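**Student:** To start, I am sharing the structure in question, which I have written as structure tokens.
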2 protein chains.
Amino acid sequence: MPEIKFVPDNASTHAETGENLLEVMVGAGVYIHAGCGGAGVCGKCQVKVLEGAVTTETLNKAARDKVKPGHTLACQTFVGENDLVIEIPDESRIRKMAVSQGEPVVKGQRIARAEIEAMMLSENPQPPVRKLAVQLTEPSVEDNTADLQRLTAALRATHGADVQDVDFHVLPVLPSLLREANWQATAAVVSGWPCRDASGEGGACRPDHLTRVQPGDTSARNLALAVDLGTTSVWVALMDANTRAVLAEAGDYNQQISFGEDVISRIIFSAKGDGLSELQKAAAGSINKLTQSVLDKAGASRGDVSFIAAAGNTTMTQLLLGIDARNIRLAPYIPAANQFPPVEAAQAGLDMPRGVMLYAFPCVASYVGGDIVAGVAAYGLHKRPEMTLYMDIGTNGEIVVGNSDFMMCASCSAGPAFEGGGLEFGMRATVGAVEGFAINPENLDEPMILTIGRAKPIGICGSGIITLLAELLQFGILQQNGKFNPDAPTRRVRQGAAGLEYVVVWKDDAGVDSDIVITEPDVDNLVRAKGAMFSGAHTLVEHVGLTMDTIERVVITGSFGNFVNLAKAVFIGLLPDIPADRFFYMRNGSLAGARLACVDRAFLRTCEEVSRMMTHVELSEAPAYMDKYMAAQFLPHTDAGLFPNVMQALRK
Amino acid sequence: MPEIKFVPDNASTHAETGENLLEVMVGAGVYIHAGCGGAGVCGKCQVKVLEGAVTTETLNKAARDKVKPGHTLACQTFVGENDLVIEIPDESRIRKMAVSQGEPVVKGQRIARAEIEAMMLSENPQPPVRKLAVQLTEPSVEDNTADLQRLTAALRATHGADVQDVDFHVLPVLPSLLREANWQATAAVVSGWPCRDASGEGGACRPDHLTRVQPGDTSARNLALAVDLGTTSVWVALMDANTRAVLAEAGDYNQQISFGEDVISRIIFSAKGDGLSELQKAAAGSINKLTQSVLDKAGASRGDVSFIAAAGNTTMTQLLLGIDARNIRLAPYIPAANQFPPVEAAQAGLDMPRGVMLYAFPCVASYVGGDIVAGVAAYGLHKRPEMTLYMDIGTNGEIVVGNSDFMMCASCSAGPAFEGGGLEFGMRATVGAVEGFAINPENLDEPMILTIGRAKPIGICGSGIITLLAELLQFGILQQNGKFNPDAPTRRVRQGAAGLEYVVVWKDDAGVDSDIVITEPDVDNLVRAKGAMFSGAHTLVEHVGLTMDTIERVVITGSFGNFVNLAKAVFIGLLPDIPADRFFYMRNGSLAGARLACVDRAFLRTCEEVSRMMTHVELSEAPAYMDKYMAAQFLPHTDAGLFPNVMQALRK
Ligand code: FES
Ligand code: FES
């Protein structure tokens with residue numbers, strides 16, 4: 001990864017080729033004026049490339065007039081293949097000093113894909129589905145073995161595959177397929193699918209299983225789909241199962257959203273009429289659409305796909321599989337299954353040929369699902385000695401505390417605020433969402449904003465909200481009790497319909513026909529959400545007999561964008577106030593797990609083991625939780641002693 | 001079984017309670033006048049019951065007038081529970097002496113079901129599908145195991161079932177099923193289904209497999225269907241898999257007949273348009289109809305059925321399973337599979353709930369199918385030391401020679417003559433078919449006939465044809481070259497449209513509007529068929545280095561009725577002329593095998609082993625076959641030395 005240096009501040013960071021420079025800077029905490037959110041119209045984010053090559057988008061006329069000779073707009077610039085040195089001219093620069101004075105925390109370390117693979121791929125990784133090509137001897141009167149037995153014998157002789165199980169649907173067309181292909185064929189063989197679905201040793205006891213036969217040698221085309229089926233958004237990565245390369249990735253809304261924002265409302269919908277079937281179709285429809293998109297990007301077709309690994313929370317998994325989900329929300333909250341039997345993808349409504357198998361990640365409990373199992377296993381928490389707090393921030397927040405010795409997990413209903421839900425101008429992390437925000441300490445009226453896709457801002461997403469709250473708090477615009485300071489020296493605080501509110505983007509700069517504001521009810525929602533997450537983590541940590549400051553690593557994941565400013569998350573009391581070098585950010589942990597499952601069958605077994613290793617703690621049954629939850633309804637917390645560094649920064 | 005004694009001849013035999021007395025007599029070779037085929041109208045079959053109790057049908061008026069006081073009609077009388085002594089009055093009696101003079105052979109020993117079970121049932125037989133009832137603990141916050149894992153854990157704890165595999169379709173409705181049933185449920189668990197479908201050791205390597213869950217305790221209702229899927233007729237036996245009782249049995253035409261009489265014409269039809277699907281539907285339709293009939297008889301329902309075992313020849317098996325069958329008739333005659341993967345019965349078009357599994361018996365080659373594997377395994381040929389010739393007489397004749405050390409098998413195309421096909425008045429072994437025939441030596445014009453169901457005769461079935469040919473030959477009405485003797489002292493030989501013919505039943509006595517005759521072309525067909533079977537057996541016996549007289553046992557099976565007069569089959573040269581006590585008749589061997597598969601999972605593995613143990617010999621490739629076939633086109637054979645006893649009887 002190219003290194004990017006910024007002068008005159010001498011900050012530096014790493015970025016991937018093709019990354020947007022403004023995003024890199026925001027991610028690295030290098031502040032710059034960026035009035036239009038990166039849409040390339042305000043002309044304020046000017047930088048000078050001193051060393052290295054970049055690519056830039058053609059500037060529009062309005063911007064061209066504003067850009068000085070030799071300068072370029074950071075928001076229209078993309079990192080090339082080599083290291084860069086970037087100068088930030090005085091007029092673009094927000095003096096970092098002002099912001100970082102006594103900076104209590106630093107941004108989290110991003111856990112890259114390479115690190116996950118180095119940690120978790122087994123020594124000689126084999127995908128769960130291998131495609132094995134064989135050239136059969138043409139039968140004769142002397143050699144009259146039946147077609148199927150001829151095929152399995154060749155698979156044994158050529159590849160050592162011990163095929164014991166054959167999907168029946170292979171058989172009806174096998175005779176003509178083999179003959180039309182001149183006895184050359186490729187078999188999809190599933191191996192090492194974990195079984196032992198009840199208690200006890202997780203084992204790979206299922207025999208090699210033939211699920212598909214294709215004419216000719218198609219062994220080089222062995223694709224797999226990694227799916228993160230979130231309540232709000234769905235991500236699909238197209239993997240080459242042979243080479244382990246990511247060929248394409250795409251994300252979109254979960255089409256189920258039109259039936260309800262959170263899992264509870266979806267479960268209620270699923271219990272009505274053919275609601276379950278409609279929700280299944282919506283989930284499958286989302287995956288089908290994204291599948292077409294990644295296949296198109298990679299120039300591949302459905303027939304090339306052999307395997308699908310889908311990680312979702314317990315509700316999402318059951319709805320995709322068409323399983324009655326009502327008991328997830330009825331006490332005592334029992335899922336239909338924690339480990340799922342193998343199923344053909346087509347049976348879940350996925351637009352796939354017969355014999356393409358769908359692996360649903362195992363769950364732990366009704367609100368601790370396959371998504372967190374996938375993420376925890378991908379991170380390798382169960383293999384690491386450090387005492388770790390793993391937090392998946394989402395509508396249904398999931399928390400794990402543990403290490404290679406044990407893992408305790410819990411869930412808390414944080415509400416959709418960190419996914420943008422329930423806020424006046426909240427939105428999901430898609431194009432036009434404010435995801436970066438920084439106040440210019442020299443002029444409180446001119447904050448810098450950055451939007452996803454560098455479009456005109458239309459709302460605020462989770463990572464934007466965290467930073468926004470932290471900045472407003474730090475500059476005294478927002479008070480610790482969640483109320484705006486009517487005396488703040490900025491005209492952006494004003495009386496709104498529901499009390500005071502803060503104008504994030506004026507209507508003129510916005511992509512919507514109004515000012516974009518954050519209201520006191522919005523802040524209440526967010527404080528409740530961060531309070532639920534933090535108190536959940538806090539309760540769980542104490543439940544295992546530890547204190548927050550003994551946690552050696554905090555890993556954050558969720559459906560944020562490329563980065564989350566973890567320092568800001570500490571500042572508002574979402575994350576504990578512990579040394580900054582203990583924080584790590586893993587982008588979309590469940591997708592990372594699903595990717596591993598596509599290329600390394602050992603990982604499936606790992607996930608089953610992780611799911612069994614986790615002990616679920618029901619927070620609503622823990623007496624301390626409610627007190628902690630109430631105590632956390634303050635910014636950062638009513639117990640100042642828990643956030644000493646934040647308090648020190650605030651007192652300045 | 002009650003013993004039946006006949007006076008004054010002092011013959012005796014055993015019969016089952018409920019058997020028709022006339023059939024018992026014909027089976028035992030005790031001759032009696034029976035002009036109307038057992039329809040109860042001619043009044044000729046009068047007997048006197050001296051000891052023991054019988055049940056009789058109410059006689060119709062015509063018969064009542066003819067029956068002497070104290071007499072009863074044998075054809076309207078049924079064996080009771082105890083031994084009987086029956087007197088045959090002089091006027092009813094055909095003097096046995098005249099027939100049995102120097103009698104060269106005796107009727108075969110019937111192999112009873114009890115004998116098969118004693119030989120083949122394993123020590124502690126367990127059905128392939130067990131129904132295991134469990135009472136689950138209601139979940140709570142403390143005990144929050146998921147529904148599926150709760151179920152499998154209970155199956156392990158209560159029944160020691162090691163369920164590793166679960167059919168996915170169980171899951172979607174499991175939560176509501178368990179709760180509505182107050183946590184009492186019954187699981188259908190498949191165990192010991194053989195795998196290792198390629199070469200090598202047949203092993204029961206598949207783990208315990210949960211395929212169905214029913215609410216409440218239904219463990220006592222564990223039914224299974226044994227199916228003999230013949231080219232011409234289909235038999236279904238409803239078994240109680242727990243008690244091993246046969247609850248009901250029914251047979252009918254194979255509905256495929258309307259698409260062609262033999263396997264070749266069906267394969268040709270299957271290759272056209274949606275012919276394959278039509279044939280599958282017809283086969284499934286036949287089984288469905290018979291299933292309804294046996295369920296009705298037993299007062300049971302489809303939901304009680306857990307398992308189906310179907311034995312058919314290779315073509316019938318592939319067509320039922322919807323598998324492309326074209327290559328069965330194209331050189332080098334390769335079946336799609338010899339061992340079949342597990343498949344749900346519903347997938348073959350059988351009207352069964354999800355999770356009811358269909359076991360298709362393994363085949364050996366394109367023309368040596370699962371029917372003979374089932375029969376050979378049921379007889380236990382592979383366990384017996386005696387050198388045995390096993391012959392399944394049918395359109396596609398199948399022959400096995402061997403014992404516990406080895407088994408060689410072959411098939412020959414006998415044509416449908418022994419199933420009544422291709423003959424002027426041939427018919428399948430159903431109601432109205434002449435199945436017994438005896439010439440009264442004192443009056444060649446007055447033969448005795450017996451029909452199935454004791455109805456007015458409408459045609460002649462396989463067992464009737466064998467006896468008919470033998471009797472005509474013995475009394476010089478038919479000559480050894482297959483031509484009728486124009487000088488025979490009976491008015492029944494006459495000139496017909498295609499040469500001489502013999503009138504079996506005059507129009508007045510028949511249930512059809514014409515005389516029932518057998519023509520010289522009919523005899524030609526029969527001679528070709530018996531020649532093919534005998535020469536096939538002869539070739540195979542010599543192929544293994546033996547001679548006919550070293551064969552220690554000959555076992556005959558086929559879709560005949562309750563009995564076949566094996567002495568008569570020897571007489572026409574269908575069976576070898578060896579000592580009579582070496583002959584055994586097994587009624588419908590493949591159904592016997594299918595019944596065993598329903599109640600003893602060890603038998604499935606036995607069948608896989610038998611199918612692998614059999615070595616197939618392609619008769620058309622054996623140089624001796626054609627010569628032997630030609631030499632067998634004579635009654636009994638051109639080589640008189642092969643049939644010394646028959647020749648001696650003929651010379652008298
Ligand atoms: S032009 Fe780059 S942020 Fe406005
Ligand atoms: S009445 Fe019995 S055979 Fe005719």
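Chain labels run A, B, ... following the order of the structure tokens; each chain numbers its residues from 1, and ligands are numbered from 1 in the order shown.
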List the spatial neighbours of Pro362 in chain A as a PyMOL selection string - criterion: any atom at most 9 Å away, only C-alpha atoms, same-chain residues fewer than 4 positions off excluded.

**Tutor:** chain A and resi 311+314+337-340+369-371+373-374+607-608+610-612

**Student:** Since we have the selection now, will you write its residues out, keeping N, CA, C and O atoms, as a short mmCIF file (atom, residue, chain, number, x, y, z; two decimals), in the first residue's frame?

**Tutor:**
data_model
loop_
_atom_site.label_atom_id
_atom_site.label_comp_id
_atom_site.auth_asym_id
_atom_site.auth_seq_id
_atom_site.Cartn_x
_atom_site.Cartn_y
_atom_site.Cartn_z
N ALA A 311 -23.53 -14.58 5.78
CA ALA A 311 -23.49 -14.26 7.20
C ALA A 311 -24.55 -13.21 7.48
O ALA A 311 -24.60 -12.17 6.83
N THR A 314 -29.34 -13.63 13.36
CA THR A 314 -30.21 -14.81 13.43
C THR A 314 -31.51 -14.59 12.67
O THR A 314 -31.96 -15.47 11.92
N ALA A 337 -32.64 -22.74 14.84
CA ALA A 337 -31.42 -23.56 14.81
C ALA A 337 -30.23 -22.65 15.02
O ALA A 337 -30.28 -21.46 14.68
N ASN A 338 -29.19 -23.17 15.61
CA ASN A 338 -27.95 -22.40 15.68
C ASN A 338 -26.98 -22.84 14.60
O ASN A 338 -26.25 -22.02 14.05
N GLN A 339 -26.97 -24.14 14.30
CA GLN A 339 -26.19 -24.62 13.16
C GLN A 339 -27.20 -25.10 12.13
O GLN A 339 -28.16 -25.78 12.48
N PHE A 340 -26.96 -24.74 10.88
CA PHE A 340 -27.95 -25.02 9.84
C PHE A 340 -27.51 -26.17 8.96
O PHE A 340 -26.33 -26.26 8.61
N GLY A 369 -25.87 -13.45 16.14
CA GLY A 369 -26.06 -14.24 14.94
C GLY A 369 -24.79 -14.64 14.21
O GLY A 369 -23.67 -14.49 14.69
N GLY A 370 -25.02 -15.16 13.01
CA GLY A 370 -23.93 -15.62 12.16
C GLY A 370 -23.04 -14.49 11.70
O GLY A 370 -21.87 -14.72 11.34
N ASP A 371 -23.56 -13.27 11.72
CA ASP A 371 -22.73 -12.14 11.31
C ASP A 371 -21.58 -11.94 12.29
O ASP A 371 -20.43 -11.76 11.89
N VAL A 373 -20.49 -14.18 14.46
CA VAL A 373 -19.64 -15.38 14.43
C VAL A 373 -18.64 -15.26 13.29
O VAL A 373 -17.44 -15.52 13.46
N ALA A 374 -19.12 -14.85 12.12
CA ALA A 374 -18.23 -14.70 10.96
C ALA A 374 -17.14 -13.67 11.26
O ALA A 374 -15.96 -13.88 10.95
N CYS A 607 -15.82 -21.67 12.26
CA CYS A 607 -17.01 -20.90 12.63
C CYS A 607 -17.94 -21.73 13.52
O CYS A 607 -18.54 -21.21 14.46
N GLU A 608 -18.08 -23.03 13.20
CA GLU A 608 -18.93 -23.87 14.05
C GLU A 608 -18.33 -23.90 15.46
O GLU A 608 -19.05 -23.81 16.46
N VAL A 610 -16.38 -21.65 16.85
CA VAL A 610 -16.54 -20.34 17.48
C VAL A 610 -17.97 -20.19 18.00
O VAL A 610 -18.20 -19.74 19.12
N SER A 611 -18.95 -20.64 17.19
CA SER A 611 -20.34 -20.48 17.62
C SER A 611 -20.61 -21.30 18.88
O SER A 611 -21.40 -20.90 19.73
N ARG A 612 -19.97 -22.45 19.00
CA ARG A 612 -20.18 -23.27 20.19
C ARG A 612 -19.40 -22.76 21.39
O ARG A 612 -19.77 -22.98 22.54
#

**Student:** Given a cut-off of 8 Å, which residues of chain B touch chain A, counting only C-alpha atoms, written out as a PyMOL selection string?

**Tutor:** chain B and resi 139-141+144-150+152-153+163-168+171-176+195-199+206-207+321-324+327+331-343+365

**Student:** Using only C-alpha atoms, which residues sit within 12 Å of range 547-550 of chain A once same-chain residues fewer than 5 positions away are excluded, as an MDAnalysis selection string?

**Tutor:** chainID A and resid 386:389 401:402 534:542 575:580 582 641:644

**Student:** Show which residues sit within 12 Å of Val376 in chain B, as a PyMOL selection string. Count only C-alpha atoms, and ignore same-chain residues fewer than 6 positions away.

**Tutor:** chain B and resi 116+120+311+361+363+368-370+382-384+388-392+398-404+407-409+555-557+586+588-594+603+606-611+613-614

**Student:** Kindly give the distance, in Å, that separates CA of Ile393 in chain A and CA of Gly558 in chain A, rounded to a single decimal.

**Tutor:** 5.1 Å

**Student:** DSSP on the backbone: which residues in range 512-543 of chain A end up as strand (DSSP E)? Give the answer as a short mmCIF file (atom, residue, chain, number, x, y, z; two decimals) with C-alpha atoms, in the first residue's frame.

**Tutor:**
data_model
loop_
_atom_site.label_atom_id
_atom_site.label_comp_id
_atom_site.auth_asym_id
_atom_site.auth_seq_id
_atom_site.Cartn_x
_atom_site.Cartn_y
_atom_site.Cartn_z
CA ILE A 516 -29.71 19.58 7.03
CA VAL A 517 -30.04 19.71 10.81
CA ILE A 518 -29.52 17.61 13.88
CA THR A 519 -32.16 18.12 16.57
#

**Student:** Do you have the CA of Glu117 in chain A-CA of Ala377 in chain A distance handy?

**Tutor:**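 Computed distance, CA of Glu117 in chain A to CA of Ala377 in chain A, equals 11.3 Å.
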
**Student:** Residues within 8 Å of ligand 1 should be enumerated using only C-alpha atoms and all ligand atoms and returned as JSON, numbers by chain.

**Tutor:** {"A": [22, 33, 34, 35, 36, 37, 38, 39, 40, 41, 42, 43, 44, 45, 46, 63, 73, 74, 75, 76, 449, 450, 454]}

**Student:** Residues as selected, all heavy atoms, written as a short mmCIF file (atom, residue, chain, number, x, y, z; two decimals), in the first residue's frame, can you do that?

**Tutor:**
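Output contents, as saved in result-v7.cif:
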data_model
loop_
_atom_site.label_atom_id
_atom_site.label_comp_id
_atom_site.auth_asym_id
_atom_site.auth_seq_id
_atom_site.Cartn_x
_atom_site.Cartn_y
_atom_site.Cartn_z
N LEU A 22 -9.33 12.89 -0.49
CA LEU A 22 -10.02 13.57 0.60
C LEU A 22 -10.44 12.57 1.68
O LEU A 22 -10.31 12.81 2.87
CB LEU A 22 -11.26 14.33 0.05
CG LEU A 22 -12.05 15.12 1.10
CD1 LEU A 22 -11.18 16.17 1.79
CD2 LEU A 22 -13.26 15.80 0.46
N HIS A 33 -10.33 22.25 4.54
CA HIS A 33 -11.64 22.80 4.20
C HIS A 33 -12.27 21.93 3.11
O HIS A 33 -11.60 21.54 2.15
CB HIS A 33 -11.50 24.23 3.67
CG HIS A 33 -11.18 25.21 4.75
ND1 HIS A 33 -12.03 25.47 5.80
CD2 HIS A 33 -10.08 26.00 4.95
CE1 HIS A 33 -11.49 26.37 6.60
NE2 HIS A 33 -10.28 26.72 6.11
N ALA A 34 -13.52 21.61 3.28
CA ALA A 34 -14.20 20.80 2.26
C ALA A 34 -15.69 21.10 2.35
O ALA A 34 -16.46 20.32 2.88
CB ALA A 34 -13.92 19.32 2.46
N GLY A 35 -16.06 22.26 1.84
CA GLY A 35 -17.42 22.76 2.08
C GLY A 35 -18.52 21.99 1.41
O GLY A 35 -19.63 21.88 1.95
N CYS A 36 -18.25 21.44 0.23
CA CYS A 36 -19.35 20.81 -0.50
C CYS A 36 -19.41 19.31 -0.28
O CYS A 36 -20.07 18.60 -1.03
CB CYS A 36 -19.25 21.14 -1.99
SG CYS A 36 -17.85 20.38 -2.80
N GLY A 37 -18.71 18.82 0.73
CA GLY A 37 -18.79 17.40 1.04
C GLY A 37 -18.01 16.54 0.05
O GLY A 37 -18.14 15.32 0.04
N GLY A 38 -17.20 17.19 -0.80
CA GLY A 38 -16.43 16.41 -1.77
C GLY A 38 -17.07 16.36 -3.13
O GLY A 38 -16.64 15.59 -4.00
N ALA A 39 -18.09 17.18 -3.35
CA ALA A 39 -18.79 17.14 -4.63
C ALA A 39 -17.99 17.83 -5.75
O ALA A 39 -18.38 17.77 -6.92
CB ALA A 39 -20.17 17.76 -4.50
N GLY A 40 -16.88 18.47 -5.38
CA GLY A 40 -16.05 19.12 -6.40
C GLY A 40 -16.61 20.43 -6.89
O GLY A 40 -16.30 20.87 -8.01
N VAL A 41 -17.42 21.08 -6.08
CA VAL A 41 -17.98 22.36 -6.54
C VAL A 41 -17.51 23.57 -5.73
O VAL A 41 -17.40 24.67 -6.25
CB VAL A 41 -19.51 22.33 -6.61
CG1 VAL A 41 -19.99 21.42 -7.72
CG2 VAL A 41 -20.12 21.89 -5.28
N CYS A 42 -17.19 23.36 -4.43
CA CYS A 42 -16.84 24.52 -3.61
C CYS A 42 -15.41 24.99 -3.87
O CYS A 42 -15.05 26.14 -3.63
CB CYS A 42 -17.04 24.23 -2.13
SG CYS A 42 -15.83 23.09 -1.44
N GLY A 43 -14.58 24.07 -4.35
CA GLY A 43 -13.21 24.43 -4.67
C GLY A 43 -12.32 24.70 -3.47
O GLY A 43 -11.22 25.24 -3.60
N LYS A 44 -12.78 24.30 -2.29
CA LYS A 44 -12.01 24.64 -1.09
C LYS A 44 -10.93 23.64 -0.72
O LYS A 44 -10.02 23.97 0.03
CB LYS A 44 -12.98 24.79 0.10
CG LYS A 44 -13.80 26.07 0.02
CD LYS A 44 -14.62 26.28 1.26
CE LYS A 44 -15.36 27.61 1.14
NZ LYS A 44 -16.50 27.66 2.07
N CYS A 45 -11.01 22.40 -1.21
CA CYS A 45 -10.12 21.33 -0.74
C CYS A 45 -8.85 21.24 -1.57
O CYS A 45 -8.38 20.15 -1.90
CB CYS A 45 -10.88 20.00 -0.76
SG CYS A 45 -11.39 19.51 -2.42
N GLN A 46 -8.27 22.41 -1.90
CA GLN A 46 -7.11 22.39 -2.80
C GLN A 46 -5.86 21.88 -2.12
O GLN A 46 -5.55 22.23 -0.99
CB GLN A 46 -6.87 23.81 -3.34
CG GLN A 46 -8.05 24.28 -4.19
CD GLN A 46 -7.79 25.61 -4.86
OE1 GLN A 46 -6.64 26.00 -5.08
NE2 GLN A 46 -8.86 26.31 -5.19
N ALA A 63 -15.53 24.62 -10.68
CA ALA A 63 -14.36 24.32 -9.86
C ALA A 63 -13.09 24.82 -10.53
O ALA A 63 -12.19 25.37 -9.90
CB ALA A 63 -14.27 22.82 -9.60
N LEU A 73 -7.96 19.51 -6.65
CA LEU A 73 -8.94 19.31 -5.57
C LEU A 73 -8.75 17.92 -4.97
O LEU A 73 -8.81 16.91 -5.68
CB LEU A 73 -10.37 19.45 -6.11
CG LEU A 73 -10.77 20.85 -6.60
CD1 LEU A 73 -12.20 20.85 -7.13
CD2 LEU A 73 -10.63 21.88 -5.49
N ALA A 74 -8.54 17.87 -3.67
CA ALA A 74 -8.34 16.56 -3.01
C ALA A 74 -9.53 15.64 -3.26
O ALA A 74 -9.38 14.43 -3.44
CB ALA A 74 -8.14 16.75 -1.50
N CYS A 75 -10.74 16.21 -3.29
CA CYS A 75 -11.92 15.37 -3.43
C CYS A 75 -12.05 14.78 -4.83
O CYS A 75 -12.86 13.89 -5.06
CB CYS A 75 -13.18 16.14 -3.05
SG CYS A 75 -13.62 17.46 -4.18
N GLN A 76 -11.27 15.29 -5.79
CA GLN A 76 -11.33 14.78 -7.17
C GLN A 76 -10.04 14.02 -7.52
O GLN A 76 -9.78 13.74 -8.69
CB GLN A 76 -11.55 15.94 -8.16
CG GLN A 76 -12.77 16.79 -7.83
CD GLN A 76 -14.08 16.01 -7.86
OE1 GLN A 76 -14.40 15.36 -8.84
NE2 GLN A 76 -14.84 16.05 -6.75
N ILE A 449 -17.10 19.32 5.80
CA ILE A 449 -17.85 18.06 5.74
C ILE A 449 -17.34 17.24 4.57
O ILE A 449 -16.79 17.76 3.60
CB ILE A 449 -19.38 18.29 5.59
CG1 ILE A 449 -19.69 18.97 4.26
CG2 ILE A 449 -19.95 19.02 6.78
CD1 ILE A 449 -21.13 18.80 3.89
N LEU A 450 -17.52 15.94 4.72
CA LEU A 450 -17.14 15.02 3.65
C LEU A 450 -18.31 14.06 3.46
O LEU A 450 -18.85 13.53 4.43
CB LEU A 450 -15.90 14.22 4.05
CG LEU A 450 -15.51 13.13 3.05
CD1 LEU A 450 -14.84 13.74 1.83
CD2 LEU A 450 -14.57 12.14 3.71
N ARG A 454 -18.65 11.67 -2.49
CA ARG A 454 -18.35 13.07 -2.74
C ARG A 454 -19.45 13.74 -3.56
O ARG A 454 -19.19 14.42 -4.54
CB ARG A 454 -16.97 13.19 -3.41
CG ARG A 454 -15.85 12.69 -2.50
CD ARG A 454 -14.58 12.46 -3.23
NE ARG A 454 -14.78 11.65 -4.42
CZ ARG A 454 -15.01 10.35 -4.40
NH1 ARG A 454 -15.07 9.71 -3.25
NH2 ARG A 454 -15.19 9.70 -5.52
#

**Student:** Suppose you want the space between CA of Leu247 in chain B and CA of Ser306 in chain B; what is it in Å?

**Tutor:** 14.7 Å

**Student:** Find, counting only C-alpha atoms, the residue in B:Glu3, B:Glu552, B:Asp600, B:Glu51 that gets nearest to Arg244 in chain B.

**Tutor:**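 Once distances to Arg244 in chain B are computed over only C-alpha atoms, the minimum belongs to B:Asp600.
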
**Student:** I'd like the neighbourhood of Pro489 in chain B as a tab-separated table (two decimals) with N, CA, C and O atoms, in the first residue's frame, where a residue qualifies if any of its atoms comes within 12 Å (using only C-alpha atoms), though same-chain residues fewer than 6 positions away should be ignored.

**Tutor:**
chain	number	residue	atom	x	y	z
B	441	PRO	N	-57.32	-87.94	-18.86
B	441	PRO	CA	-56.80	-88.96	-19.79
B	441	PRO	C	-57.90	-89.87	-20.32
B	441	PRO	O	-57.72	-90.53	-21.34
B	442	GLU	N	-59.00	-89.87	-19.62
B	442	GLU	CA	-60.07	-90.75	-20.09
B	442	GLU	C	-60.94	-90.11	-21.15
B	442	GLU	O	-61.73	-90.76	-21.80
B	443	ASN	N	-60.80	-88.79	-21.28
B	443	ASN	CA	-61.61	-88.11	-22.28
B	443	ASN	C	-60.88	-86.82	-22.66
B	443	ASN	O	-60.98	-85.80	-21.97
B	444	LEU	N	-60.14	-86.91	-23.76
B	444	LEU	CA	-59.27	-85.78	-24.14
B	444	LEU	C	-60.09	-84.51	-24.42
B	444	LEU	O	-59.54	-83.41	-24.44
B	445	ASP	N	-61.36	-84.67	-24.62
B	445	ASP	CA	-62.18	-83.49	-24.94
B	445	ASP	C	-62.61	-82.70	-23.71
B	445	ASP	O	-63.20	-81.65	-23.81
B	446	GLU	N	-62.33	-83.25	-22.51
B	446	GLU	CA	-62.82	-82.61	-21.30
B	446	GLU	C	-61.71	-82.25	-20.32
B	446	GLU	O	-61.58	-82.83	-19.26
B	472	LEU	N	-50.50	-80.81	-23.39
B	472	LEU	CA	-50.75	-81.10	-24.81
B	472	LEU	C	-49.64	-81.97	-25.38
B	472	LEU	O	-49.87	-82.87	-26.17
B	475	PHE	N	-49.86	-85.63	-23.94
B	475	PHE	CA	-50.93	-86.45	-24.52
B	475	PHE	C	-50.88	-86.50	-26.03
B	475	PHE	O	-51.85	-86.90	-26.67
B	476	GLY	N	-49.74	-86.07	-26.60
B	476	GLY	CA	-49.55	-86.23	-28.04
B	476	GLY	C	-50.40	-85.30	-28.87
B	476	GLY	O	-50.48	-85.45	-30.09
B	477	ILE	N	-51.05	-84.34	-28.27
B	477	ILE	CA	-51.85	-83.40	-29.04
B	477	ILE	C	-50.94	-82.40	-29.73
B	477	ILE	O	-51.18	-81.96	-30.85
B	478	LEU	N	-49.86	-82.07	-29.02
B	478	LEU	CA	-48.83	-81.19	-29.59
B	478	LEU	C	-47.59	-82.04	-29.84
B	478	LEU	O	-47.25	-82.91	-29.04

**Student:** Taking only C-alpha atoms and all ligand atoms into account, name the residue in B:Asn20, B:Thr13, B:Thr430, B:Asn254 that is nearest to ligand 2.

**Tutor:**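 Answer, going by the shortest atom-to-atom distance: B:Asn20.
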
**Student:** So which one's closest to ligand 2, B:Val129, B:Leu177, B:Met25, B:Ala15? Using only C-alpha atoms and all ligand atoms, please.

**Tutor:**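 Looking only at the distances to ligand 2, the closest residue turns out to be B:Met25.
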